[in-house]
file upload.cif (mmCIF, C-alpha atoms and all ligand atoms; chains and numbers go by the auth columns)
data_target
#
loop_
_atom_site.group_PDB
_atom_site.id
_atom_site.type_symbol
_atom_site.label_atom_id
_atom_site.label_comp_id
_atom_site.label_asym_id
_atom_site.label_seq_id
_atom_site.Cartn_x
_atom_site.Cartn_y
_atom_site.Cartn_z
_atom_site.B_iso_or_equiv
_atom_site.auth_seq_id
_atom_site.auth_asym_id
ATOM 1 C CA MET A 1 98.418 95.501 175.693 0.00 1 N
ATOM 2 C CA SER A 2 98.357 96.537 179.323 0.00 2 N
ATOM 3 C CA ASN A 3 96.088 96.049 182.272 0.00 3 N
ATOM 4 C CA ILE A 4 94.202 99.292 182.752 0.00 4 N
ATOM 5 C CA PHE A 5 92.505 97.943 185.896 0.00 5 N
ATOM 6 C CA ARG A 6 95.826 97.595 187.655 0.00 6 N
ATOM 7 C CA GLY A 7 95.780 99.535 190.883 0.00 7 N
ATOM 8 C CA LEU A 8 91.996 99.559 191.280 0.00 8 N
ATOM 9 C CA GLY A 9 92.137 96.543 193.555 0.00 9 N
ATOM 10 C CA MET A 10 89.358 94.824 191.653 0.00 10 N
ATOM 11 C CA VAL A 11 89.114 91.187 190.663 0.00 11 N
ATOM 12 C CA TYR A 12 89.020 90.585 186.916 0.00 12 N
ATOM 13 C CA PHE A 13 89.397 87.662 184.543 0.00 13 N
ATOM 14 C CA GLN A 14 90.882 87.349 181.107 0.00 14 N
ATOM 15 C CA VAL A 15 89.215 86.929 177.727 0.00 15 N
ATOM 16 C CA PRO A 16 91.355 85.619 174.837 0.00 16 N
ATOM 17 C CA ASP A 17 92.267 88.403 172.436 0.00 17 N
ATOM 18 C CA GLU A 18 91.482 86.063 169.493 0.00 18 N
ATOM 19 C CA ILE A 19 87.787 86.583 170.205 0.00 19 N
ATOM 20 C CA VAL A 20 88.138 90.166 169.031 0.00 20 N
ATOM 21 C CA SER A 21 91.180 90.125 166.758 0.00 21 N
ATOM 22 C CA THR A 22 90.020 87.235 164.544 0.00 22 N
ATOM 23 C CA GLY A 23 86.451 88.462 164.143 0.00 23 N
ATOM 24 C CA LEU A 24 84.934 85.698 166.289 0.00 24 N
ATOM 25 C CA LEU A 25 83.044 88.307 168.271 0.00 25 N
ATOM 26 C CA SER A 26 80.897 89.164 165.265 0.00 26 N
ATOM 27 C CA LYS A 27 79.839 85.503 164.990 0.00 27 N
ATOM 28 C CA LEU A 28 78.876 85.175 168.644 0.00 28 N
ATOM 29 C CA PRO A 29 75.207 85.822 169.417 0.00 29 N
ATOM 30 C CA GLY A 30 74.638 87.672 172.707 0.00 30 N
ATOM 31 C CA LYS A 31 73.389 84.617 174.611 0.00 31 N
ATOM 32 C CA ALA A 32 76.367 82.505 173.547 0.00 32 N
ATOM 33 C CA LEU A 33 78.732 85.327 174.490 0.00 33 N
ATOM 34 C CA SER A 34 77.144 85.581 177.961 0.00 34 N
ATOM 35 C CA ILE A 35 77.608 81.854 178.532 0.00 35 N
ATOM 36 C CA TYR A 36 81.189 81.984 177.243 0.00 36 N
ATOM 37 C CA LEU A 37 81.992 84.815 179.684 0.00 37 N
ATOM 38 C CA LEU A 38 80.459 82.799 182.519 0.00 38 N
ATOM 39 C CA ILE A 39 82.563 79.754 181.575 0.00 39 N
ATOM 40 C CA LEU A 40 85.733 81.875 181.312 0.00 40 N
ATOM 41 C CA ALA A 41 85.137 83.488 184.699 0.00 41 N
ATOM 42 C CA THR A 42 84.307 80.174 186.398 0.00 42 N
ATOM 43 C CA ALA A 43 87.298 78.394 184.846 0.00 43 N
ATOM 44 C CA GLN A 44 89.704 81.100 185.983 0.00 44 N
ATOM 45 C CA ARG A 45 88.203 81.228 189.466 0.00 45 N
ATOM 46 C CA LYS A 46 88.751 77.466 189.719 0.00 46 N
ATOM 47 C CA SER A 47 92.087 77.523 187.833 0.00 47 N
ATOM 48 C CA SER A 48 90.870 74.717 185.590 0.00 48 N
ATOM 49 C CA PRO A 49 89.920 74.656 181.892 0.00 49 N
ATOM 50 C CA ILE A 50 87.171 72.143 182.757 0.00 50 N
ATOM 51 C CA VAL A 51 84.128 73.417 184.616 0.00 51 N
ATOM 52 C CA ARG A 52 80.681 72.120 185.499 0.00 52 N
ATOM 53 C CA LEU A 53 77.630 74.342 185.482 0.00 53 N
ATOM 54 C CA THR A 54 73.994 73.410 185.921 0.00 54 N
ATOM 55 C CA SER A 55 71.314 74.775 183.618 0.00 55 N
ATOM 56 C CA ALA A 56 69.956 76.719 186.590 0.00 56 N
ATOM 57 C CA GLU A 57 73.319 78.394 187.241 0.00 57 N
ATOM 58 C CA ILE A 58 73.558 79.385 183.591 0.00 58 N
ATOM 59 C CA THR A 59 70.003 80.684 183.247 0.00 59 N
ATOM 60 C CA GLU A 60 70.327 82.687 186.460 0.00 60 N
ATOM 61 C CA ALA A 61 73.745 84.214 185.772 0.00 61 N
ATOM 62 C CA CYS A 62 73.015 85.025 182.127 0.00 62 N
ATOM 63 C CA ASP A 63 69.295 85.772 182.496 0.00 63 N
ATOM 64 C CA ILE A 64 68.356 83.567 179.561 0.00 64 N
ATOM 65 C CA ASN A 65 65.523 81.084 179.060 0.00 65 N
ATOM 66 C CA LYS A 66 66.594 77.486 179.740 0.00 66 N
ATOM 67 C CA ASN A 67 65.508 76.467 176.230 0.00 67 N
ATOM 68 C CA HIS A 68 68.177 78.768 174.826 0.00 68 N
ATOM 69 C CA VAL A 69 71.048 77.254 176.774 0.00 69 N
ATOM 70 C CA THR A 70 71.777 74.177 174.640 0.00 70 N
ATOM 71 C CA PRO A 71 71.601 75.975 171.241 0.00 71 N
ATOM 72 C CA SER A 72 73.965 78.658 172.565 0.00 72 N
ATOM 73 C CA VAL A 73 76.343 76.078 173.984 0.00 73 N
ATOM 74 C CA LYS A 74 76.335 74.242 170.622 0.00 74 N
ATOM 75 C CA LYS A 75 77.156 77.513 168.895 0.00 75 N
ATOM 76 C CA LEU A 76 80.215 77.952 171.145 0.00 76 N
ATOM 77 C CA ALA A 77 81.280 74.382 170.343 0.00 77 N
ATOM 78 C CA ALA A 78 80.802 74.928 166.599 0.00 78 N
ATOM 79 C CA LEU A 79 83.081 77.973 166.795 0.00 79 N
ATOM 80 C CA GLY A 80 85.752 75.867 168.495 0.00 80 N
ATOM 81 C CA LEU A 81 85.692 77.819 171.750 0.00 81 N
ATOM 82 C CA ILE A 82 84.599 74.924 173.963 0.00 82 N
ATOM 83 C CA SER A 83 83.787 71.263 173.894 0.00 83 N
ATOM 84 C CA PHE A 84 81.076 70.011 176.198 0.00 84 N
ATOM 85 C CA LEU A 85 79.200 67.065 177.556 0.00 85 N
ATOM 86 C CA HIS A 86 75.629 67.367 178.745 0.00 86 N
ATOM 87 C CA ARG A 87 75.038 64.978 181.581 0.00 87 N
ATOM 88 C CA LYS A 88 71.955 63.667 183.187 0.00 88 N
ATOM 89 C CA GLY A 89 72.809 62.688 186.703 0.00 89 N
ATOM 90 C CA ALA A 90 71.678 64.139 189.970 0.00 90 N
ATOM 91 C CA GLY A 91 70.314 67.222 188.221 0.00 91 N
ATOM 92 C CA TRP A 92 71.384 68.105 184.734 0.00 92 N
ATOM 93 C CA PHE A 93 74.680 69.758 184.293 0.00 93 N
ATOM 94 C CA TYR A 94 77.072 70.709 181.565 0.00 94 N
ATOM 95 C CA GLU A 95 80.727 69.872 181.682 0.00 95 N
ATOM 96 C CA PHE A 96 82.589 72.429 179.604 0.00 96 N
ATOM 97 C CA GLU A 97 86.170 72.327 178.472 0.00 97 N
ATOM 98 C CA LEU A 98 87.649 75.589 177.267 0.00 98 N
ATOM 99 C CA LEU A 99 89.577 75.197 174.024 0.00 99 N
ATOM 100 C CA ASP A 100 92.447 77.272 172.724 0.00 100 N
ATOM 101 C CA PRO A 101 90.576 79.612 170.326 0.00 101 N
ATOM 102 C CA GLY A 102 93.622 79.707 168.043 0.00 102 N
ATOM 103 C CA THR A 103 93.897 75.939 167.549 0.00 103 N
ATOM 104 C CA ARG A 104 90.454 74.681 168.700 0.00 104 N
ATOM 105 C CA LEU A 105 92.311 72.100 170.782 0.00 105 N
ATOM 106 C CA PRO A 106 92.115 71.550 174.551 0.00 106 N
ATOM 107 C CA ILE A 107 94.405 73.757 176.606 0.00 107 N
ATOM 108 C CA PRO A 108 97.348 71.616 177.713 0.00 108 N
ATOM 109 C CA PRO A 109 97.840 71.477 181.483 0.00 109 N
ATOM 110 C CA ALA A 110 100.703 73.706 182.631 0.00 110 N
ATOM 111 C CA SER A 111 102.349 70.565 183.985 0.00 111 N
ATOM 112 C CA GLU A 112 102.379 68.866 180.560 0.00 112 N
ATOM 113 C CA LYS A 113 106.071 68.455 179.953 0.00 113 N
ATOM 114 C CA GLU A 114 107.648 69.388 176.681 0.00 114 N
ATOM 115 C CA LEU A 115 108.300 66.265 174.642 0.00 115 N
ATOM 116 C CA SER A 116 111.812 65.294 173.646 0.00 116 N
ATOM 117 C CA LEU A 117 112.831 62.561 171.250 0.00 117 N
ATOM 118 C CA GLY A 118 115.034 60.740 173.745 0.00 118 N
ATOM 119 C CA THR A 119 112.420 60.536 176.505 0.00 119 N
ATOM 120 C CA LEU A 120 109.263 59.523 174.647 0.00 120 N
ATOM 121 C CA THR A 121 107.389 56.736 176.379 0.00 121 N
ATOM 122 C CA ARG A 122 106.738 53.442 174.622 0.00 122 N
ATOM 123 C CA LYS A 123 103.112 54.401 174.391 0.00 123 N
ATOM 124 C CA GLN A 124 103.947 57.723 172.721 0.00 124 N
ATOM 125 C CA VAL A 125 106.240 56.080 170.175 0.00 125 N
ATOM 126 C CA HIS A 126 103.594 53.456 169.491 0.00 126 N
ATOM 127 C CA SER A 127 100.814 56.022 169.095 0.00 127 N
ATOM 128 C CA TYR A 128 102.824 58.020 166.535 0.00 128 N
ATOM 129 C CA PHE A 129 103.583 54.988 164.347 0.00 129 N
ATOM 130 C CA MET A 130 100.056 53.614 164.660 0.00 130 N
ATOM 131 C CA TYR A 131 98.716 56.959 163.459 0.00 131 N
ATOM 132 C CA ARG A 132 101.017 56.871 160.435 0.00 132 N
ATOM 133 C CA LEU A 133 100.593 53.163 159.684 0.00 133 N
ATOM 134 C CA LEU A 134 96.957 52.938 160.724 0.00 134 N
ATOM 135 C CA PRO A 135 95.514 51.076 157.738 0.00 135 N
ATOM 136 C CA ASP A 136 98.409 48.649 157.648 0.00 136 N
ATOM 137 C CA PHE A 137 98.503 45.203 159.094 0.00 137 N
ATOM 138 C CA SER A 138 100.828 45.085 162.097 0.00 138 N
ATOM 139 C CA HIS A 139 101.639 42.736 164.937 0.00 139 N
ATOM 140 C CA PRO A 140 103.744 43.014 168.082 0.00 140 N
ATOM 141 C CA THR A 141 107.301 41.721 168.450 0.00 141 N
ATOM 142 C CA ASP A 142 109.522 41.427 171.543 0.00 142 N
ATOM 143 C CA ASP A 143 110.673 45.031 171.439 0.00 143 N
ATOM 144 C CA GLY A 144 108.060 46.692 169.247 0.00 144 N
ATOM 145 C CA PHE A 145 106.068 45.668 166.221 0.00 145 N
ATOM 146 C CA VAL A 146 106.213 44.927 162.500 0.00 146 N
ATOM 147 C CA ALA A 147 103.993 46.508 159.868 0.00 147 N
ATOM 148 C CA ARG A 148 103.719 46.920 156.144 0.00 148 N
ATOM 149 C CA CYS A 149 106.392 49.275 154.839 0.00 149 N
ATOM 150 C CA PRO A 150 104.945 52.401 153.232 0.00 150 N
ATOM 151 C CA PHE A 151 108.195 53.064 151.365 0.00 151 N
ATOM 152 C CA HIS A 152 108.314 50.342 148.745 0.00 152 N
ATOM 153 C CA SER A 153 105.740 48.876 146.416 0.00 153 N
ATOM 154 C CA SER A 154 106.923 45.292 145.899 0.00 154 N
ATOM 155 C CA HIS A 155 105.765 42.673 148.410 0.00 155 N
ATOM 156 C CA LYS A 156 103.870 45.436 150.084 0.00 156 N
ATOM 157 C CA LEU A 157 101.575 42.995 151.809 0.00 157 N
ATOM 158 C CA LYS A 158 104.400 41.509 153.827 0.00 158 N
ATOM 159 C CA PRO A 159 105.119 43.220 157.149 0.00 159 N
ATOM 160 C CA THR A 160 108.741 44.110 156.376 0.00 160 N
ATOM 161 C CA LEU A 161 108.926 47.252 158.455 0.00 161 N
ATOM 162 C CA SER A 162 110.080 46.687 162.000 0.00 162 N
ATOM 163 C CA VAL A 163 109.838 49.369 164.644 0.00 163 N
ATOM 164 C CA LYS A 164 111.528 49.251 168.003 0.00 164 N
ATOM 165 C CA VAL A 165 109.318 50.731 170.699 0.00 165 N
ATOM 166 C CA ALA A 166 111.201 49.684 173.832 0.00 166 N
ATOM 167 C CA GLY A 167 114.385 51.494 175.036 0.00 167 N
ATOM 168 C CA GLY A 168 115.626 54.129 172.559 0.00 168 N
ATOM 169 C CA GLY A 169 112.202 53.939 170.950 0.00 169 N
ATOM 170 C CA GLY A 170 111.289 54.818 167.442 0.00 170 N
ATOM 171 C CA VAL A 171 114.190 53.191 165.604 0.00 171 N
ATOM 172 C CA TRP A 172 112.915 51.432 162.486 0.00 172 N
ATOM 173 C CA LYS A 173 114.144 49.610 159.410 0.00 173 N
ATOM 174 C CA CYS A 174 112.739 47.788 156.427 0.00 174 N
ATOM 175 C CA HIS A 175 113.861 44.188 156.012 0.00 175 N
ATOM 176 C CA ASP A 176 113.371 44.235 152.260 0.00 176 N
ATOM 177 C CA THR A 177 116.880 44.869 150.893 0.00 177 N
ATOM 178 C CA ASP A 178 115.428 46.349 147.690 0.00 178 N
ATOM 179 C CA CYS A 179 113.572 49.035 149.628 0.00 179 N
ATOM 180 C CA GLU A 180 115.069 52.478 149.264 0.00 180 N
ATOM 181 C CA ARG A 181 114.441 53.011 152.994 0.00 181 N
ATOM 182 C CA HIS A 182 116.034 49.676 153.860 0.00 182 N
ATOM 183 C CA ASP A 183 118.415 51.401 156.319 0.00 183 N
ATOM 184 C CA GLY A 184 115.584 52.996 158.272 0.00 184 N
ATOM 185 C CA GLY A 185 116.511 55.475 160.969 0.00 185 N
ATOM 186 C CA SER A 186 114.934 57.504 163.758 0.00 186 N
ATOM 187 C CA MET A 187 111.357 58.761 164.111 0.00 187 N
ATOM 188 C CA LEU A 188 112.494 62.037 162.540 0.00 188 N
ATOM 189 C CA ASP A 189 113.832 60.121 159.520 0.00 189 N
ATOM 190 C CA PHE A 190 110.540 58.247 159.299 0.00 190 N
ATOM 191 C CA GLU A 191 108.470 61.431 159.300 0.00 191 N
ATOM 192 C CA MET A 192 110.749 63.078 156.718 0.00 192 N
ATOM 193 C CA ALA A 193 110.576 59.966 154.502 0.00 193 N
ATOM 194 C CA PHE A 194 106.815 59.816 154.971 0.00 194 N
ATOM 195 C CA GLN A 195 106.432 63.430 153.865 0.00 195 N
ATOM 196 C CA HIS A 196 108.802 62.762 150.965 0.00 196 N
ATOM 197 C CA LEU A 197 106.325 60.108 149.761 0.00 197 N
ATOM 198 C CA ARG A 198 103.765 62.898 149.579 0.00 198 N
ATOM 199 C CA GLY A 199 106.147 65.036 147.568 0.00 199 N
ATOM 200 C CA ARG A 200 107.140 67.301 150.439 0.00 200 N
ATOM 201 C CA ARG A 201 110.627 67.987 151.619 0.00 201 N
ATOM 202 C CA ILE A 202 110.706 68.907 155.272 0.00 202 N
ATOM 203 C CA ASN A 203 113.556 69.382 157.717 0.00 203 N
ATOM 204 C CA SER A 204 113.976 67.632 161.050 0.00 204 N
ATOM 205 C CA THR A 205 112.480 70.568 163.008 0.00 205 N
ATOM 206 C CA SER A 206 109.305 70.397 160.977 0.00 206 N
ATOM 207 C CA ALA A 207 109.297 66.591 161.296 0.00 207 N
ATOM 208 C CA TRP A 208 109.495 66.913 165.071 0.00 208 N
ATOM 209 C CA GLU A 209 106.618 69.429 165.114 0.00 209 N
ATOM 210 C CA ARG A 210 104.459 66.942 163.230 0.00 210 N
ATOM 211 C CA ILE A 211 105.432 64.043 165.486 0.00 211 N
ATOM 212 C CA THR A 212 104.653 65.949 168.684 0.00 212 N
ATOM 213 C CA PHE A 213 101.408 67.239 167.221 0.00 213 N
ATOM 214 C CA ILE A 214 100.306 63.679 166.406 0.00 214 N
ATOM 215 C CA ILE A 215 101.282 62.341 169.834 0.00 215 N
ATOM 216 C CA ARG A 216 99.568 65.177 171.722 0.00 216 N
ATOM 217 C CA SER A 217 96.395 65.065 169.677 0.00 217 N
ATOM 218 C CA GLN A 218 96.151 61.284 170.161 0.00 218 N
ATOM 219 C CA GLU A 219 96.625 61.752 173.918 0.00 219 N
ATOM 220 C CA ARG A 220 93.949 64.434 174.087 0.00 220 N
ATOM 221 C CA LYS A 221 91.552 62.357 172.043 0.00 221 N
ATOM 222 C CA GLU A 222 92.092 59.462 174.439 0.00 222 N
ATOM 223 C CA MET A 223 91.531 61.766 177.418 0.00 223 N
ATOM 224 C CA LEU A 224 88.216 62.941 175.989 0.00 224 N
ATOM 225 C CA ASP A 225 87.135 59.382 175.131 0.00 225 N
ATOM 226 C CA ASP A 226 87.890 58.312 178.712 0.00 226 N
ATOM 227 C CA ARG A 227 85.873 61.159 180.085 0.00 227 N
ATOM 228 C CA ALA A 228 82.942 60.353 177.810 0.00 228 N
ATOM 229 C CA LEU A 229 82.967 56.773 179.098 0.00 229 N
ATOM 230 C CA THR A 230 82.771 57.780 182.744 0.00 230 N
ATOM 231 C CA GLY A 231 79.580 59.852 182.429 0.00 231 N
ATOM 232 C CA VAL A 232 76.408 58.599 184.110 0.00 232 N
ATOM 233 C CA SER A 233 74.446 59.244 180.973 0.00 233 N
ATOM 234 C CA ILE A 234 75.433 61.529 178.171 0.00 234 N
ATOM 235 C CA ASP A 235 73.232 63.449 175.824 0.00 235 N
ATOM 236 C CA ALA A 236 73.993 61.865 172.453 0.00 236 N
ATOM 237 C CA ALA A 237 73.887 65.080 170.466 0.00 237 N
ATOM 238 C CA ALA A 238 76.154 66.846 172.929 0.00 238 N
ATOM 239 C CA ASP A 239 78.598 63.980 172.794 0.00 239 N
ATOM 240 C CA GLU A 240 78.756 64.237 169.018 0.00 240 N
ATOM 241 C CA ASP A 241 79.719 67.869 169.388 0.00 241 N
ATOM 242 C CA ALA A 242 82.511 66.958 171.755 0.00 242 N
ATOM 243 C CA GLU A 243 83.830 64.387 169.288 0.00 243 N
ATOM 244 C CA GLU A 244 83.558 66.889 166.510 0.00 244 N
ATOM 245 C CA SER A 245 86.269 69.094 167.927 0.00 245 N
ATOM 246 C CA PHE A 246 88.763 66.357 167.095 0.00 246 N
ATOM 247 C CA THR A 247 87.759 65.776 163.527 0.00 247 N
ATOM 248 C CA THR A 248 89.530 68.886 162.329 0.00 248 N
ATOM 249 C CA ASN A 249 93.075 68.003 163.311 0.00 249 N
ATOM 250 C CA GLU A 250 94.395 68.326 159.771 0.00 250 N
ATOM 251 C CA GLU A 251 92.713 71.674 159.453 0.00 251 N
ATOM 252 C CA THR A 252 94.114 72.722 162.803 0.00 252 N
ATOM 253 C CA PHE A 253 97.620 71.688 161.911 0.00 253 N
ATOM 254 C CA TYR A 254 97.284 73.716 158.753 0.00 254 N
ATOM 255 C CA THR A 255 96.931 76.817 160.904 0.00 255 N
ATOM 256 C CA LEU A 256 99.690 75.721 163.227 0.00 256 N
ATOM 257 C CA VAL A 257 102.467 75.187 160.741 0.00 257 N
ATOM 258 C CA GLY A 258 101.483 77.562 157.994 0.00 258 N
ATOM 259 C CA ASN A 259 100.903 76.599 154.401 0.00 259 N
ATOM 260 C CA ASP A 260 101.314 72.916 154.848 0.00 260 N
ATOM 261 C CA VAL A 261 99.130 70.051 155.953 0.00 261 N
ATOM 262 C CA LEU A 262 99.770 67.165 158.263 0.00 262 N
HETATM 263 ZN ZN ZN B . 110.420 49.042 152.709 0.00 301 N
#
call {"tool": "encode", "arguments": {"input": "upload.cif", "output": "structure tokens", "more": "lines below"}}
Ligand SMILES: [Zn+2]
result
Amino acid sequence: MSNIFRGLGMVYFQVPDEIVSTGLLSKLPGKALSIYLLILATAQRKSSPIVRLTSAEITEACDINKNHVTPSVKKLAALGLISFLHRKGAGWFYEFELLDPGTRLPIPPASEKELSLGTLTRKQVHSYFMYRLLPDFSHPTDDGFVARCPFHSSHKLKPTLSVKVAGGGGVWKCHDTDCERHDGGSMLDFEMAFQHLRGRRINSTSAWERITFIIRSQERKEMLDDRALTGVSIDAAADEDAEESFTTNEETFYTLVGNDVL
């Protein structure tokens, strides 16, 4: 693919190839496509995946009736191209966030550093284990927390699994000597053992992909929740749509790692 406008000295913006190559274009009604192009252009002009546009700006630029704006915006959200909040403040406006059309997840900031096992923050370690051990009783300890061990069936109600979150985070062990995972290990060992419970054998690379996916999706969910809380007043239906983009994480991961689920 090459830029055929090169040399014409004109300003242009980019449209993700997925829109055409995955057939999304055929599902996009004209009005929704116009709004999507406006969002893409505005976002690239501002160098930010998050943009605000008023209804008036949208109706004027796209020449569509204001009653058609919200249904079209919802269509874009349903296709996973954007998430949005509709705010009533000083004049109504929409806050759009462009999503990666391939994953339907927010576009990570360019400054978002690549994660590495040795430099995970306490919060990141904690968020991974809480995601995996969510339904289990847990309580904090001096350097981490204890929770029910998912790897053995006897005395399952006792919190025998201890996880170290501080310095060199993610090291865990089960205090039940009869547990086959008694020795514990690193976060990678935990993820591999966890998948083993589900009858899957995965290697450490795949385990790391899952861990980083969980940490990043939890962080993005938190970011969106924070943003929802700071709005003056948020249209309830629009807010539901924004939440909706995070309910398909398993589905998304399916596409990310191939024929396997989280
Ligand atoms: Zn155990």
call {"tool": "residues_near_ligand", "arguments": {"input": "upload.cif", "ligand": "ligand ZN 301 (chain N)", "cutoff": "12 Å", "atoms": "all atoms listed in the file", "output": "number ranges by chain"}}
result
N: 146-163, 172-184, 190, 193-194
call {"tool": "write_last_selection", "arguments": {"input": "upload.cif", "atoms": "C-alpha atoms", "output": "compact mmCIF listing (two decimals), keeping the file's coordinate frame"}}
result
# COMPACT_ATOMS: atom_id res chain seq x y z
CA VAL N 146 106.21 44.93 162.50
CA ALA N 147 103.99 46.51 159.87
CA ARG N 148 103.72 46.92 156.14
CA CYS N 149 106.39 49.28 154.84
CA PRO N 150 104.94 52.40 153.23
CA PHE N 151 108.20 53.06 151.36
CA HIS N 152 108.31 50.34 148.74
CA SER N 153 105.74 48.88 146.42
CA SER N 154 106.92 45.29 145.90
CA HIS N 155 105.76 42.67 148.41
CA LYS N 156 103.87 45.44 150.08
CA LEU N 157 101.58 43.00 151.81
CA LYS N 158 104.40 41.51 153.83
CA PRO N 159 105.12 43.22 157.15
CA THR N 160 108.74 44.11 156.38
CA LEU N 161 108.93 47.25 158.46
CA SER N 162 110.08 46.69 162.00
CA VAL N 163 109.84 49.37 164.64
CA TRP N 172 112.92 51.43 162.49
CA LYS N 173 114.14 49.61 159.41
CA CYS N 174 112.74 47.79 156.43
CA HIS N 175 113.86 44.19 156.01
CA ASP N 176 113.37 44.24 152.26
CA THR N 177 116.88 44.87 150.89
CA ASP N 178 115.43 46.35 147.69
CA CYS N 179 113.57 49.04 149.63
CA GLU N 180 115.07 52.48 149.26
CA ARG N 181 114.44 53.01 152.99
CA HIS N 182 116.03 49.68 153.86
CA ASP N 183 118.42 51.40 156.32
CA GLY N 184 115.58 53.00 158.27
CA PHE N 190 110.54 58.25 159.30
CA ALA N 193 110.58 59.97 154.50
CA PHE N 194 106.82 59.82 154.97
call {"tool": "closest_residue", "arguments": {"input": "upload.cif", "among": "N:Tyr94, N:Leu224, N:Val73, N:Leu24", "to": "Leu53 of chain N", "atoms": "all atoms listed in the file"}}
result
N:Tyr94
call {"tool": "residues_around", "arguments": {"input": "upload.cif", "residues": "segment 37-43 of chain N", "least_positions_apart": "4", "cutoff": "8 Å", "atoms": "all atoms listed in the file", "output": "PyMOL selection string"}}
result
chain N and resi 13-15+33+47-51+58+61-62+96+98
call {"tool": "atom_distance", "arguments": {"input": "upload.cif", "atom1": "atom CA of Ile82 of chain N", "atom2": "atom CA of Phe5 of chain N"}}
result
27.1 Å
call {"tool": "residues_around", "arguments": {"input": "upload.cif", "residues": "segment 119-129 of chain N", "least_positions_apart": "4", "cutoff": "12 Å", "atoms": "only C-alpha atoms", "output": "VMD selection string"}}
result
chain N and resid 113 to 115 133 to 136 138 to 140 143 to 150 161 to 172 186 to 188 190 to 191 194 207 to 208 210 to 222
call {"tool": "atom_distance", "arguments": {"input": "upload.cif", "atom1": "atom CA of Thr103 of chain N", "atom2": "atom CA of Arg87 of chain N"}}
result
25.9 Å
call {"tool": "build_atoms", "arguments": {"input": "upload.cif", "residues": "segment 5-16 of chain N", "atoms": "N, CA and C atoms", "output": "compact mmCIF listing (two decimals), in the frame of the given file"}}
result
# COMPACT_ATOMS: atom_id res chain seq x y z
N PHE N 5 93.15 98.05 184.59
CA PHE N 5 92.50 97.94 185.90
C PHE N 5 93.52 97.84 187.03
N ARG N 6 94.80 97.75 186.63
CA ARG N 6 95.83 97.60 187.66
C ARG N 6 95.71 98.76 188.65
N GLY N 7 95.80 98.46 189.89
CA GLY N 7 95.78 99.54 190.88
C GLY N 7 94.39 99.83 191.42
N LEU N 8 93.35 99.29 190.77
CA LEU N 8 92.00 99.56 191.28
C LEU N 8 91.60 98.56 192.36
N GLY N 9 92.42 97.54 192.52
CA GLY N 9 92.14 96.54 193.56
C GLY N 9 90.92 95.70 193.25
N MET N 10 90.53 95.64 191.98
CA MET N 10 89.36 94.82 191.65
C MET N 10 89.76 93.47 191.08
N VAL N 11 88.85 92.51 191.20
CA VAL N 11 89.11 91.19 190.66
C VAL N 11 88.63 91.17 189.21
N TYR N 12 89.42 90.65 188.31
CA TYR N 12 89.02 90.58 186.92
C TYR N 12 89.49 89.26 186.35
N PHE N 13 88.94 88.88 185.20
CA PHE N 13 89.40 87.66 184.54
C PHE N 13 89.71 87.98 183.10
N GLN N 14 90.41 87.05 182.46
CA GLN N 14 90.88 87.35 181.11
C GLN N 14 90.01 86.72 180.03
N VAL N 15 89.94 87.41 178.91
CA VAL N 15 89.22 86.93 177.73
C VAL N 15 90.25 86.86 176.60
N PRO N 16 90.33 85.72 175.89
CA PRO N 16 91.36 85.62 174.84
C PRO N 16 91.19 86.72 173.78
